[in-house]
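Have a look at the structure below before the remarks.
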Amino acid sequence: MKKYLNKGLLYAWFNSAKAAIFIGLLVWGAVAYEIIKNNLNDVRNGLANNFDNYYYTNVWHEYFMLAIIFVAIYFIAKGINKRNTEMFLCSGPYTKKQIRYNEFICLLITLILFVIMYVYIAIVSYFGNAEFISVVEGYWSIVIIETSKITLLGIIGIMFMLIVDLMFSNSVIGFISMISIIPASIFIVIVKVVSILAYFGVNKNYSLLDKIERLDYNVKLRGFCEIVFNRISVKDIITRHLWSETVSILFIIIIMIIVYSVVQNKYKLENANKIFSSQNNENILVTLVSTAVGSFASLFLTESFIHSLQLKNGSSRALIGSDLVKGLGLDIICILLIGFIAYKVIKRILKNIV
C-alpha cells in the first residue's frame, strides 16, 4: 500500500476538488435531510391511516443526486485536459499505478465524507423528532442499512467511474457517457431482456419471468433488487438474506476490481485517439450502444406482433412452440439488424471525428 500511496498526489487531487466536495456535501446534506424527512412523514401518514409505524428503506432514485455529485467531483478533479494531465504526471516521478491507486483512495475518502454526512443528518433528524421516532419501529436499523447501502453501492459507482474513465481519453465525452449514454444503454438492454423473459414460455401458462416472480413470492425471498430499488420495512428484512445480499454486492465489487485491473493494464496513452483510450474500448462501447439502439427499436417494432401472438393464448402472455420461435426470432433479427446498422453509422461518424 505504501508503495503506491503518495501524499503529493492526494494533496493535488483534493486541492483540485475541495470546492466541489464542499458544495457537494452541502447539497447532499440537504437531499439527505429531505429523504429522511419524507420517510418520517410517510410513517406519520401510516400511523394515521392504518397504524403502521414501520420505517422504510429508500428508493434507488433518491440517491441519483449523490451519483451526479460524485461524477461532477471526479470530473472537476480530473480536469478538462485529462490526456495532457496524465502525460505530465506519467513523465514525472509518478507511475501509472500510483496515479490510479491514489485516485481510488481519494474517491473512497470522499465517499466516507458523504456517508458521514448522511449519518449526521440522521442523528440531527432523530434529535429533532425524538418524541415521534420513539414510536417508530426500525429507524436506526434502516439508517444502518442505508449507510451500508450508500457505502457499498458507492464503491460500485466509484469502480464504474474509474472503468469508464479508463475507456475514454476525452474527459468531456467520458463525463457525458458516465451520466447518460452508458447507463441509458445498459438500462435499455436490461428492459429488453426483461421483455423477452416476459413472453419466453416454460409452459403454456407461465413465462420465465412469471416463474422468477412466483419463486420470489412463494419462498418470500427479499432479493438484492428489492432492497436496493424498492421501499421495504424492517419487518420484511430477513437477516440471513441481508447478509447474503451483502456478500453478493461484495462479489460484484471484486468482479469490477478485476475488470478495472484488466482495463488499466491495457490502457496506454500512446494508443489513445481524440475520444477513446484504445481501439478495443471503442469497439466495446460502440457495440453496447448499438445493441441498445437495436433493443430500443425492437421494443416498438415487434411489440404489436408479439402481442398478437399472446392474444391467441388468452390470458397467458407466455409463448411456446412455433409462436415462441416466431416472436423470439423476430426480436433477435430486429436487434441484430438495427444494431448492425447503428454500429456502422456510429463507426462512420467516429471515423470522421477521430
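Scheme for the C-alpha cells: letters A, B, ... for chains in order shown; per-chain residue numbers from 1; ligand numbers from 1 in order shown.
For range 158-190 of chain A, the set of residues given alpha helix (DSSP H) by DSSP on the backbone reads Ile158, Met159, Phe160, Met161, Leu162, Ile163, Val164, Asp165, Leu166, Ser171, Val172, Ile173, Gly174, Phe175, Ile176, Ile182, Pro183, Ala184, Ser185, Ile186, Phe187, Ile188, Val189 and Ile190 of chain A.
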Selection from above, N, CA and C atoms, as a PDB file, in the first residue's frame, can you write it?
ATOM      1  N   ILE A 158     -17.926   4.108  -7.789  1.00  0.00           N
ATOM      2  CA  ILE A 158     -16.543   4.560  -7.976  1.00  0.00           C
ATOM      3  C   ILE A 158     -15.828   3.684  -8.995  1.00  0.00           C
ATOM      4  N   MET A 159     -15.993   2.370  -8.852  1.00  0.00           N
ATOM      5  CA  MET A 159     -15.348   1.461  -9.802  1.00  0.00           C
ATOM      6  C   MET A 159     -15.896   1.666 -11.208  1.00  0.00           C
ATOM      7  N   PHE A 160     -17.197   1.910 -11.299  1.00  0.00           N
ATOM      8  CA  PHE A 160     -17.809   2.170 -12.603  1.00  0.00           C
ATOM      9  C   PHE A 160     -17.208   3.425 -13.233  1.00  0.00           C
ATOM     10  N   MET A 161     -17.066   4.480 -12.435  1.00  0.00           N
ATOM     11  CA  MET A 161     -16.476   5.720 -12.944  1.00  0.00           C
ATOM     12  C   MET A 161     -15.049   5.507 -13.418  1.00  0.00           C
ATOM     13  N   LEU A 162     -14.276   4.791 -12.621  1.00  0.00           N
ATOM     14  CA  LEU A 162     -12.876   4.571 -12.972  1.00  0.00           C
ATOM     15  C   LEU A 162     -12.739   3.728 -14.241  1.00  0.00           C
ATOM     16  N   ILE A 163     -13.597   2.710 -14.359  1.00  0.00           N
ATOM     17  CA  ILE A 163     -13.548   1.855 -15.553  1.00  0.00           C
ATOM     18  C   ILE A 163     -13.936   2.649 -16.793  1.00  0.00           C
ATOM     19  N   VAL A 164     -15.037   3.398 -16.689  1.00  0.00           N
ATOM     20  CA  VAL A 164     -15.487   4.198 -17.835  1.00  0.00           C
ATOM     21  C   VAL A 164     -14.448   5.253 -18.188  1.00  0.00           C
ATOM     22  N   ASP A 165     -13.868   5.868 -17.167  1.00  0.00           N
ATOM     23  CA  ASP A 165     -12.864   6.903 -17.408  1.00  0.00           C
ATOM     24  C   ASP A 165     -11.656   6.342 -18.151  1.00  0.00           C
ATOM     25  N   LEU A 166     -11.279   5.114 -17.819  1.00  0.00           N
ATOM     26  CA  LEU A 166     -10.146   4.488 -18.499  1.00  0.00           C
ATOM     27  C   LEU A 166     -10.435   4.216 -19.972  1.00  0.00           C
ATOM     28  N   SER A 171     -12.108  13.875 -21.415  1.00  0.00           N
ATOM     29  CA  SER A 171     -12.837  13.995 -20.149  1.00  0.00           C
ATOM     30  C   SER A 171     -14.301  14.349 -20.352  1.00  0.00           C
ATOM     31  N   VAL A 172     -14.575  15.256 -21.282  1.00  0.00           N
ATOM     32  CA  VAL A 172     -15.952  15.701 -21.503  1.00  0.00           C
ATOM     33  C   VAL A 172     -16.815  14.554 -22.018  1.00  0.00           C
ATOM     34  N   ILE A 173     -16.304  13.832 -23.017  1.00  0.00           N
ATOM     35  CA  ILE A 173     -17.045  12.691 -23.555  1.00  0.00           C
ATOM     36  C   ILE A 173     -17.218  11.616 -22.483  1.00  0.00           C
ATOM     37  N   GLY A 174     -16.175  11.402 -21.690  1.00  0.00           N
ATOM     38  CA  GLY A 174     -16.266  10.429 -20.609  1.00  0.00           C
ATOM     39  C   GLY A 174     -17.317  10.816 -19.585  1.00  0.00           C
ATOM     40  N   PHE A 175     -17.373  12.107 -19.258  1.00  0.00           N
ATOM     41  CA  PHE A 175     -18.367  12.608 -18.299  1.00  0.00           C
ATOM     42  C   PHE A 175     -19.786  12.410 -18.825  1.00  0.00           C
ATOM     43  N   ILE A 176     -19.995  12.760 -20.091  1.00  0.00           N
ATOM     44  CA  ILE A 176     -21.318  12.595 -20.701  1.00  0.00           C
ATOM     45  C   ILE A 176     -21.711  11.118 -20.737  1.00  0.00           C
ATOM     46  N   ILE A 182     -23.900   5.507 -21.387  1.00  0.00           N
ATOM     47  CA  ILE A 182     -23.671   4.131 -20.930  1.00  0.00           C
ATOM     48  C   ILE A 182     -24.783   3.642 -19.998  1.00  0.00           C
ATOM     49  N   PRO A 183     -25.181   4.414 -18.958  1.00  0.00           N
ATOM     50  CA  PRO A 183     -26.297   3.944 -18.119  1.00  0.00           C
ATOM     51  C   PRO A 183     -27.588   3.736 -18.903  1.00  0.00           C
ATOM     52  N   ALA A 184     -27.879   4.648 -19.840  1.00  0.00           N
ATOM     53  CA  ALA A 184     -29.097   4.511 -20.645  1.00  0.00           C
ATOM     54  C   ALA A 184     -29.030   3.269 -21.522  1.00  0.00           C
ATOM     55  N   SER A 185     -27.865   3.003 -22.090  1.00  0.00           N
ATOM     56  CA  SER A 185     -27.703   1.823 -22.945  1.00  0.00           C
ATOM     57  C   SER A 185     -27.892   0.540 -22.143  1.00  0.00           C
ATOM     58  N   ILE A 186     -27.268   0.485 -20.976  1.00  0.00           N
ATOM     59  CA  ILE A 186     -27.406  -0.699 -20.120  1.00  0.00           C
ATOM     60  C   ILE A 186     -28.857  -0.881 -19.694  1.00  0.00           C
ATOM     61  N   PHE A 187     -29.514   0.221 -19.352  1.00  0.00           N
ATOM     62  CA  PHE A 187     -30.916   0.157 -18.922  1.00  0.00           C
ATOM     63  C   PHE A 187     -31.817  -0.374 -20.036  1.00  0.00           C
ATOM     64  N   ILE A 188     -31.618   0.117 -21.255  1.00  0.00           N
ATOM     65  CA  ILE A 188     -32.444  -0.321 -22.387  1.00  0.00           C
ATOM     66  C   ILE A 188     -32.242  -1.806 -22.658  1.00  0.00           C
ATOM     67  N   VAL A 189     -30.998  -2.259 -22.606  1.00  0.00           N
ATOM     68  CA  VAL A 189     -30.720  -3.682 -22.833  1.00  0.00           C
ATOM     69  C   VAL A 189     -31.394  -4.531 -21.757  1.00  0.00           C
ATOM     70  N   ILE A 190     -31.331  -4.080 -20.505  1.00  0.00           N
ATOM     71  CA  ILE A 190     -31.978  -4.822 -19.411  1.00  0.00           C
ATOM     72  C   ILE A 190     -33.487  -4.870 -19.609  1.00  0.00           C
TER      73      ILE A 190
END
message: Taking 2 positions as the minimum chain separation for residues in the same chain, which residues sit within 10 Å of Asn281 in chain A when counting only C-alpha atoms? Answer as JSON, numbers by chain.
response: {"A": [164, 166, 167, 168, 263, 266, 267, 272, 276, 277, 278, 279, 283, 284, 285, 286, 287]}
Residues just named, written with C-alpha atoms as a tab-separated table (two decimals), in the first residue's frame:
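File written: part.tsv
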chain	number	residue	atom	x	y	z
A	164	VAL	CA	-15.49	4.20	-17.83
A	166	LEU	CA	-10.15	4.49	-18.50
A	167	MET	CA	-12.08	3.81	-21.69
A	168	PHE	CA	-12.01	7.46	-22.77
A	263	VAL	CA	-8.68	-2.36	-18.47
A	266	LYS	CA	-4.39	-2.26	-21.44
A	267	TYR	CA	-4.66	1.50	-21.03
A	272	ALA	CA	-5.43	6.80	-27.43
A	276	PHE	CA	-11.22	6.60	-26.77
A	277	SER	CA	-8.20	5.28	-24.94
A	278	SER	CA	-7.87	2.27	-27.26
A	279	GLN	CA	-9.46	0.63	-30.28
A	283	ASN	CA	-15.41	-1.38	-30.15
A	284	ILE	CA	-16.84	-2.39	-26.77
A	285	LEU	CA	-18.69	0.89	-26.26
A	286	VAL	CA	-19.95	1.11	-29.84
A	287	THR	CA	-21.23	-2.47	-29.57
- prompt: Within 12 Å of range 115-125 of chain A, counting only C-alpha atoms, which residues qualify if same-chain residues fewer than 3 places away don't, as an MDAnalysis selection string?
  reply: chainID A and resid 21:22 24:40 63 66 108:112 128:133 139:155
Can you write just those residues out, N, CA and C atoms, as a compact mmCIF listing (two decimals), in the first residue's frame?
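Saved to selection.txt:
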# COMPACT_ATOMS: atom_id res chain seq x y z
N ILE A 21 -16.19 19.29 -3.56
CA ILE A 21 -16.56 18.41 -2.44
C ILE A 21 -17.37 19.17 -1.40
N PHE A 22 -16.94 20.39 -1.09
CA PHE A 22 -17.66 21.20 -0.09
C PHE A 22 -19.08 21.49 -0.54
N GLY A 24 -20.74 19.87 -2.82
CA GLY A 24 -21.43 18.59 -2.91
C GLY A 24 -21.94 18.10 -1.57
N LEU A 25 -21.15 18.29 -0.52
CA LEU A 25 -21.57 17.88 0.82
C LEU A 25 -22.78 18.69 1.28
N LEU A 26 -22.78 19.98 0.97
CA LEU A 26 -23.93 20.82 1.34
C LEU A 26 -25.19 20.37 0.60
N VAL A 27 -25.04 20.12 -0.69
CA VAL A 27 -26.19 19.68 -1.48
C VAL A 27 -26.68 18.31 -1.00
N TRP A 28 -25.74 17.39 -0.77
CA TRP A 28 -26.11 16.06 -0.30
C TRP A 28 -26.75 16.11 1.08
N GLY A 29 -26.26 17.00 1.94
CA GLY A 29 -26.87 17.16 3.26
C GLY A 29 -28.32 17.58 3.15
N ALA A 30 -28.59 18.52 2.24
CA ALA A 30 -29.97 18.98 2.04
C ALA A 30 -30.84 17.85 1.47
N VAL A 31 -30.27 17.10 0.51
CA VAL A 31 -31.01 15.99 -0.09
C VAL A 31 -31.29 14.90 0.95
N ALA A 32 -30.27 14.56 1.74
CA ALA A 32 -30.44 13.53 2.77
C ALA A 32 -31.49 13.95 3.80
N TYR A 33 -31.47 15.23 4.14
CA TYR A 33 -32.47 15.73 5.10
C TYR A 33 -33.88 15.58 4.56
N GLU A 34 -34.06 15.90 3.28
CA GLU A 34 -35.38 15.77 2.66
C GLU A 34 -35.81 14.31 2.56
N ILE A 35 -34.85 13.43 2.28
CA ILE A 35 -35.17 12.00 2.20
C ILE A 35 -35.68 11.48 3.54
N ILE A 36 -34.95 11.78 4.60
CA ILE A 36 -35.35 11.31 5.93
C ILE A 36 -36.64 11.99 6.38
N LYS A 37 -36.77 13.27 6.07
CA LYS A 37 -37.99 14.00 6.43
C LYS A 37 -39.21 13.38 5.75
N ASN A 38 -39.09 13.07 4.46
CA ASN A 38 -40.20 12.46 3.72
C ASN A 38 -40.52 11.07 4.26
N ASN A 39 -39.49 10.32 4.62
CA ASN A 39 -39.72 8.99 5.19
C ASN A 39 -40.47 9.07 6.51
N LEU A 40 -40.10 10.03 7.34
CA LEU A 40 -40.81 10.21 8.62
C LEU A 40 -42.25 10.66 8.39
N TYR A 63 -31.07 8.37 -4.54
CA TYR A 63 -29.62 8.53 -4.49
C TYR A 63 -29.05 9.00 -5.83
N LEU A 66 -26.80 11.98 -5.52
CA LEU A 66 -25.48 11.65 -4.99
C LEU A 66 -24.56 11.15 -6.10
N LEU A 108 -12.54 7.19 -2.43
CA LEU A 108 -13.02 6.44 -1.27
C LEU A 108 -13.13 7.35 -0.04
N ILE A 109 -12.15 8.20 0.15
CA ILE A 109 -12.20 9.16 1.26
C ILE A 109 -13.38 10.11 1.09
N THR A 110 -13.59 10.55 -0.15
CA THR A 110 -14.72 11.43 -0.44
C THR A 110 -16.04 10.73 -0.15
N LEU A 111 -16.13 9.46 -0.51
CA LEU A 111 -17.35 8.69 -0.22
C LEU A 111 -17.59 8.60 1.28
N ILE A 112 -16.53 8.40 2.05
CA ILE A 112 -16.66 8.33 3.51
C ILE A 112 -17.22 9.65 4.06
N GLY A 128 -34.26 15.99 16.43
CA GLY A 128 -35.32 16.94 16.09
C GLY A 128 -36.71 16.33 16.16
N ASN A 129 -36.77 15.00 16.11
CA ASN A 129 -38.07 14.30 16.15
C ASN A 129 -38.02 13.15 17.16
N ALA A 130 -37.31 13.36 18.25
CA ALA A 130 -37.06 12.28 19.21
C ALA A 130 -38.35 11.68 19.76
N GLU A 131 -39.31 12.53 20.08
CA GLU A 131 -40.56 12.03 20.67
C GLU A 131 -41.32 11.16 19.69
N PHE A 132 -41.37 11.60 18.43
CA PHE A 132 -42.09 10.82 17.43
C PHE A 132 -41.33 9.54 17.07
N ILE A 133 -40.01 9.65 16.89
CA ILE A 133 -39.22 8.48 16.49
C ILE A 133 -39.22 7.40 17.57
N TYR A 139 -36.08 2.61 12.98
CA TYR A 139 -35.42 3.81 12.43
C TYR A 139 -33.91 3.59 12.32
N TRP A 140 -33.28 3.22 13.43
CA TRP A 140 -31.82 3.08 13.41
C TRP A 140 -31.38 1.87 12.60
N SER A 141 -32.19 0.84 12.58
CA SER A 141 -31.85 -0.34 11.76
C SER A 141 -31.80 0.03 10.29
N ILE A 142 -32.79 0.80 9.85
CA ILE A 142 -32.82 1.22 8.45
C ILE A 142 -31.70 2.21 8.15
N VAL A 143 -31.39 3.08 9.12
CA VAL A 143 -30.28 4.02 8.92
C VAL A 143 -28.97 3.25 8.72
N ILE A 144 -28.77 2.20 9.51
CA ILE A 144 -27.56 1.38 9.35
C ILE A 144 -27.55 0.69 7.99
N ILE A 145 -28.71 0.17 7.59
CA ILE A 145 -28.80 -0.50 6.28
C ILE A 145 -28.54 0.50 5.16
N GLU A 146 -29.13 1.68 5.26
CA GLU A 146 -28.94 2.70 4.22
C GLU A 146 -27.49 3.18 4.19
N THR A 147 -26.88 3.29 5.35
CA THR A 147 -25.46 3.68 5.41
C THR A 147 -24.59 2.64 4.71
N SER A 148 -24.88 1.38 4.98
CA SER A 148 -24.14 0.29 4.32
C SER A 148 -24.42 0.29 2.82
N LYS A 149 -25.67 0.57 2.46
CA LYS A 149 -26.04 0.60 1.05
C LYS A 149 -25.29 1.71 0.32
N ILE A 150 -25.25 2.89 0.93
CA ILE A 150 -24.54 4.01 0.31
C ILE A 150 -23.06 3.67 0.14
N THR A 151 -22.49 3.04 1.17
CA THR A 151 -21.06 2.70 1.12
C THR A 151 -20.77 1.68 0.02
N LEU A 152 -21.51 0.58 0.02
CA LEU A 152 -21.23 -0.49 -0.94
C LEU A 152 -21.58 -0.08 -2.37
N LEU A 153 -22.75 0.52 -2.54
CA LEU A 153 -23.12 0.97 -3.89
C LEU A 153 -22.24 2.13 -4.33
N GLY A 154 -21.77 2.90 -3.36
CA GLY A 154 -20.85 3.98 -3.69
C GLY A 154 -19.54 3.44 -4.23
N ILE A 155 -19.05 2.35 -3.65
CA ILE A 155 -17.83 1.72 -4.15
C ILE A 155 -18.05 1.19 -5.56
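Of the listed residues A:Val135, A:Ile306, A:Ile179, A:Ile232, the one whose atoms come nearest to Ala318 in chain A is A:Ile306, with distances taken using only C-alpha atoms.
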- prompt: Counting only C-alpha atoms, which of A:Phe340, A:Glu103, A:Val247, A:Phe200 gets nearest to Ser322 in chain A?
  reply: A:Phe200
field: Among listed residues A:Gly8, A:Leu336, A:Asn280, A:Lys192, nearest Phe300 in chain A (using only C-alpha atoms)
entry: A:Lys192
